[in-house]
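Undergrad: Next up is a structure, given as structure tokens.
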Amino acid sequence: MTFLPVVERELRVAARRRGAYWARLAAAGGAVLCSAAILLWRPIGGVLAAQTGDVLLSVLTSLVFSLCLLSGPVLTADALSEERREGTLGLLFLTDLRGLDVVLGKLAAASVTALFGLLAVLPMLAIPILLGGVDLGEFVRLALVLVNTLFLSLAIGLAMSACCVQGRSALALTVFGLFLLAGLVPLFVDLRMSVGWASLAASTISPTCVLWLASAATYQQQASAFWLSIGVTHALAWLLLVLAGALTARVWREPTGWFARVSHQRRWHNWCYGHPNQRRNRRWLLDKNPVAWLGQRQQLKQRLLWVSIGVALAFWVWFRIRHAQFADSGSTVFLIGLLLLAPLKWLAASEASQRMAAEMQSGALEVLLTTPMTVREILRGHLQSMGHMFLWPAAAVLAVQAVMLSLIPSATHADRALVGMAIVGMVMCIWDLHALAWVGMWLGATLRKPSRAFAGTVLRILVAPWGLLALTSVVIGWPYWYSLWPLWLVICVALNLFYSLQARTRLHNNFRRHAAERYAAG
């Protein structure tokens with residue numbers, strides 16, 4: 001028998017896939033353009049060459065590190081759950097395959113595209129060695145961290161995909177897990193302000209902390225902590241893969257035992273969809289807009305979102321009361337507000353794209369178009385359900401952030417710039433949610449893969465403004481990017497206007513054609 005037959009088959013298919021070559025070309029081209037912009041607009045002669053090399057390495061590493069984190073939600077979050085929805089996962093277990101064989105096969109298929117792109121970028125990361133200021137050891141450590149981060153991200157996506165049936169649930173859990181490891185854990189380590197057992201244990205499981213430990217200045221002081229963190233994160237990825245394999249071998253069967261009894265109880269149904277009295281109170285919405293009523297039925301999702309936001313805001317208030325000397329600064333308010341609003345926007349992008357893509361694939365929208373409902377009413381129903389789920393949690397975060405900004409006693413010039421960034425983020429938050437809803441629906445209706453629709457939505461509305469701001473600060477040679485908050489406001493407004501209007505126009509004009517494409521293709 002061939003060793004790991006699913007892996008061999010998936011590698012043969014993925015290696016011949018056109019997207020693998022385009023991903024490698026796009027990654028290498030983007031790295032070349034970014035490096036050319038930095039080298040053309042910064043002096044590279046004399047002593048400043050080392051500084052230019054350090055800036056080039058930092059920018060490229062940050063961009064590639066972010067893409068490695070995105071690989072899990074985009075490539076593997078729906079790999080196993082899609083097989084479960086289509087009913088093809090059980091066919092694989094009619095043979096002598098094990099759960100780990102299936103999981104490793106999916107990992108191999110997903111990792112080819114991402115790994116090709118990463119290998120295409122690594123030669124560009126070696127350019128700072130020629131400029132000086134960066135040694136070969138730091139380059140090797142950064143390359144090792146990037147590969148390990150990619151492996152961990154893909155493993156988290158597969159583990160969450162094995163736990164869920166719906167792609168949006170797996171995507172949300174994957175994003176939350178990565179946000180916890182790469183966002184909240186480094187924040188906890190930074191707030192500890194000391195190297196204790198708690199901070200050391202937290203830093204060993206965070207890819208962001210490992211990236212920080214890989215730099216030359218930090219590695220000289222904490223070399224053992226770096227290798228310990230590499231080992232722990234790598235072992236965590238393998239543990240998640242083993243867990244995904246064990247779950248995959250069992251979840252394809254019909255639920256039995258206590259889980260089946262609990263899932264069919266009336267109490268569970270009321271918890272997910274609301275008490276009968278609550279459902280009767282929503283009956284008026286069924287007559288007004290059935291699409292909005294259908295989108296607001298999932299009460300469990302709304303409750304979990306509110307619980308998460310409530311816990312996060314309670315922690316923020318407690319931190320403000322307990323550590324006022326650290327909390328009363330523009331940087332802290334901006335950072336915590338960003339960490340709370342960013343996952344909310346990611347979930348909004350996931351909900352908009354996944355819901356529209358699922359309805360397109362199932363043919364539900366084609367059925368709706370045979371009723372007296374117009375395209376405008378269908379789209380309005382989707383927007384109303386999105387607003388019902390995300391508008392008030394976002395308003396709660398913005399209210400607490402506004403209170404925290406008002407409690408800042410005084411600020412330096414840099415602190416005032418970060419306050420300006422926080423205010424711009426607050427002003428753009430609701431508009432970003434509106435733009436994410438339109439772009440997510442548009443891409444969900446036009447792209448076949450919900451993961452691609454989600455990635456396209458996030459790149460257009462959430463990633464592009466930060467990329468343009470970083471590129472502008474590098475081109476003009478201005479290291480204090482946070483002082484460019486007026487430019488950031490202009491960039492966000494321009495991108496939101498362009499993409500939301502484009503998505504709205506295309507949806508109104510081509511909605512019926514996209515809804516009927518599944519039948520035309522047959």
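Convention: chains lettered A, B, ... in structure tokens order; per-chain residue numbering from 1; ligands numbered from 1 as shown.
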Applying 8 Å and only C-alpha atoms, which residues near Glu82 in chain A remain after dropping the ones on its own chain fewer than 5 positions away? List them as a PyMOL selection string.

TA: chain A and resi 165-167

Undergrad: Would you list the contacts of Leu341 in chain A as a PDB file with N, CA and C atoms, in the first residue's frame, taking every protein, DNA or RNA residue within 9 Å and counting only C-alpha atoms, but skipping same-chain residues closer than 2 positions in sequence?

TA:
ATOM      1  N   ILE A 336      -6.564  48.570  21.897  1.00  0.00           N
ATOM      2  CA  ILE A 336      -7.646  47.718  22.412  1.00  0.00           C
ATOM      3  C   ILE A 336      -8.892  47.876  21.550  1.00  0.00           C
ATOM      4  N   GLY A 337      -9.200  49.108  21.133  1.00  0.00           N
ATOM      5  CA  GLY A 337     -10.342  49.296  20.241  1.00  0.00           C
ATOM      6  C   GLY A 337     -10.167  48.567  18.923  1.00  0.00           C
ATOM      7  N   LEU A 338      -8.935  48.572  18.413  1.00  0.00           N
ATOM      8  CA  LEU A 338      -8.664  47.850  17.167  1.00  0.00           C
ATOM      9  C   LEU A 338      -8.815  46.348  17.353  1.00  0.00           C
ATOM     10  N   LEU A 339      -8.353  45.828  18.484  1.00  0.00           N
ATOM     11  CA  LEU A 339      -8.456  44.397  18.746  1.00  0.00           C
ATOM     12  C   LEU A 339      -9.895  43.949  18.953  1.00  0.00           C
ATOM     13  N   PRO A 343     -12.082  41.810  14.933  1.00  0.00           N
ATOM     14  CA  PRO A 343     -12.811  40.535  14.808  1.00  0.00           C
ATOM     15  C   PRO A 343     -14.280  40.723  14.463  1.00  0.00           C
ATOM     16  N   LEU A 344     -14.894  41.794  14.950  1.00  0.00           N
ATOM     17  CA  LEU A 344     -16.294  42.050  14.620  1.00  0.00           C
ATOM     18  C   LEU A 344     -16.460  42.290  13.124  1.00  0.00           C
ATOM     19  N   LYS A 345     -15.533  43.021  12.528  1.00  0.00           N
ATOM     20  CA  LYS A 345     -15.593  43.259  11.083  1.00  0.00           C
ATOM     21  C   LYS A 345     -15.310  41.982  10.301  1.00  0.00           C
ATOM     22  N   TRP A 346     -14.386  41.177  10.791  1.00  0.00           N
ATOM     23  CA  TRP A 346     -14.103  39.920  10.120  1.00  0.00           C
ATOM     24  C   TRP A 346     -15.328  39.005  10.137  1.00  0.00           C
ATOM     25  N   ALA A 394     -21.327  46.627  17.764  1.00  0.00           N
ATOM     26  CA  ALA A 394     -20.327  47.624  17.372  1.00  0.00           C
ATOM     27  C   ALA A 394     -20.580  48.948  18.091  1.00  0.00           C
ATOM     28  N   VAL A 397     -19.149  48.754  21.615  1.00  0.00           N
ATOM     29  CA  VAL A 397     -17.690  48.920  21.637  1.00  0.00           C
ATOM     30  C   VAL A 397     -17.312  50.378  21.417  1.00  0.00           C
ATOM     31  N   LEU A 398     -17.972  51.042  20.479  1.00  0.00           N
ATOM     32  CA  LEU A 398     -17.664  52.447  20.204  1.00  0.00           C
ATOM     33  C   LEU A 398     -18.001  53.339  21.388  1.00  0.00           C
ATOM     34  N   GLY A 425     -10.880  55.435  13.276  1.00  0.00           N
ATOM     35  CA  GLY A 425     -11.408  54.072  13.317  1.00  0.00           C
ATOM     36  C   GLY A 425     -12.834  54.011  13.822  1.00  0.00           C
ATOM     37  N   CYS A 429     -16.107  52.813  11.503  1.00  0.00           N
ATOM     38  CA  CYS A 429     -16.525  51.467  11.889  1.00  0.00           C
ATOM     39  C   CYS A 429     -17.867  51.085  11.263  1.00  0.00           C
TER      40      CYS A 429
END

Undergrad: If I take CA of Arg16 in chain A and CA of Ala108 in chain A, how far is one from the other in Å, to one decimal?

TA: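 Separation between CA of Arg16 in chain A and CA of Ala108 in chain A: 13.2 Å.
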
Undergrad: Quick one: everything within 10 Å of range 499-505 of chain A, counting only C-alpha atoms, minus sequence neighbours fewer than 4 positions away in the same chain. Send it as a list in words.

TA: Leu379, Trp431, Asp432, His434, Ala435, Leu436, Ala437, Trp438, Val439, Gly440, Met441, Trp442, Leu443, Thr457, Arg460, Ile461, Ala494, Leu495, Asn509, Asn510 and Phe511 of chain A

Undergrad: Just checking: using only C-alpha atoms, which residue out of A:Leu171, A:Cys492, A:Ala349, A:Leu247 ends up closest to Ala464 in chain A?

TA: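 Among the listed residues, the smallest separation from Ala464 in chain A belongs to A:Cys492.
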
Undergrad: Would you mind telling me which residue in A:Ser203, A:Ser81, A:Thr61, A:Ser451 lies nearest to Val147 in chain A when using only C-alpha atoms?

TA: A:Thr61

Undergrad: So which residues touch Leu173 in chain A within 10 Å, counting only C-alpha atoms, skipping near sequence neighbours fewer than 3 positions away, as a PyMOL selection string?

TA: chain A and resi 73+77+156-157+159-161+163-164+167-170+176-179+347

Undergrad: How far is it from CA of Arg513 in chain A to CA of Trp22 in chain A, in Å with one decimal?

TA: 28.1 Å

Undergrad: Interatomic distance between CA of Gly117 in chain A and CA of Ala23 in chain A?

TA: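 Atom-to-atom, CA of Gly117 in chain A and CA of Ala23 in chain A are spaced 5.7 Å apart.
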
Undergrad: Of the candidates A:Gln220, A:Ala395, A:Trp488, A:Phe334, which shows the shortest atom-to-atom distance to Ala470 in chain A, using only C-alpha atoms?

TA: A:Trp488

Undergrad: Restricting the calculation to only C-alpha atoms: of A:Val112, A:Ala399, A:Leu56, A:Leu294, which residue gets closest to Ala364 in chain A?

TA: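 Looking only at the distances to Ala364 in chain A, the closest residue turns out to be A:Leu294.
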
Undergrad: Write out as a VMD selection string the residues lying within 6 Å of range 223-232 of chain A, counting only C-alpha atoms and excluding same-chain residues fewer than 2 positions away.

TA: chain A and resid 204 213 219 to 220 234 to 235

Undergrad: Can you pull out every residue from range 133-185 of chain A that DSSP, working from the backbone, puts in alpha helix (DSSP H), and format the result as a count of residues only?

TA: 42

Undergrad: Residues near Leu69 in chain A, anyone? I mean within 7 Å using only C-alpha atoms, not counting same-chain ones fewer than 6 positions away, as a PyMOL selection string.

TA: chain A and resi 149-150+153

Undergrad: Suppose we keep N, CA and C atoms; can you now write the selection as a compact mmCIF listing (two decimals), in the first residue's frame?

TA:
# COMPACT_ATOMS: atom_id res chain seq x y z
N THR A 149 4.52 29.39 11.30
CA THR A 149 3.25 30.10 11.43
C THR A 149 2.24 29.64 10.38
N LEU A 150 2.72 29.43 9.15
CA LEU A 150 1.84 28.90 8.11
C LEU A 150 1.31 27.53 8.49
N SER A 153 -1.33 27.92 11.30
CA SER A 153 -2.57 28.49 10.81
C SER A 153 -3.40 27.46 10.05

Undergrad: Looking at A:Pro128, A:Pro486, A:Gly72, A:Gly245, which one is nearest to Val103 in chain A, with distances taken over only C-alpha atoms?

TA: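 Between A:Pro128, A:Pro486, A:Gly72, A:Gly245, the residue approaching Val103 in chain A most closely is A:Gly245.
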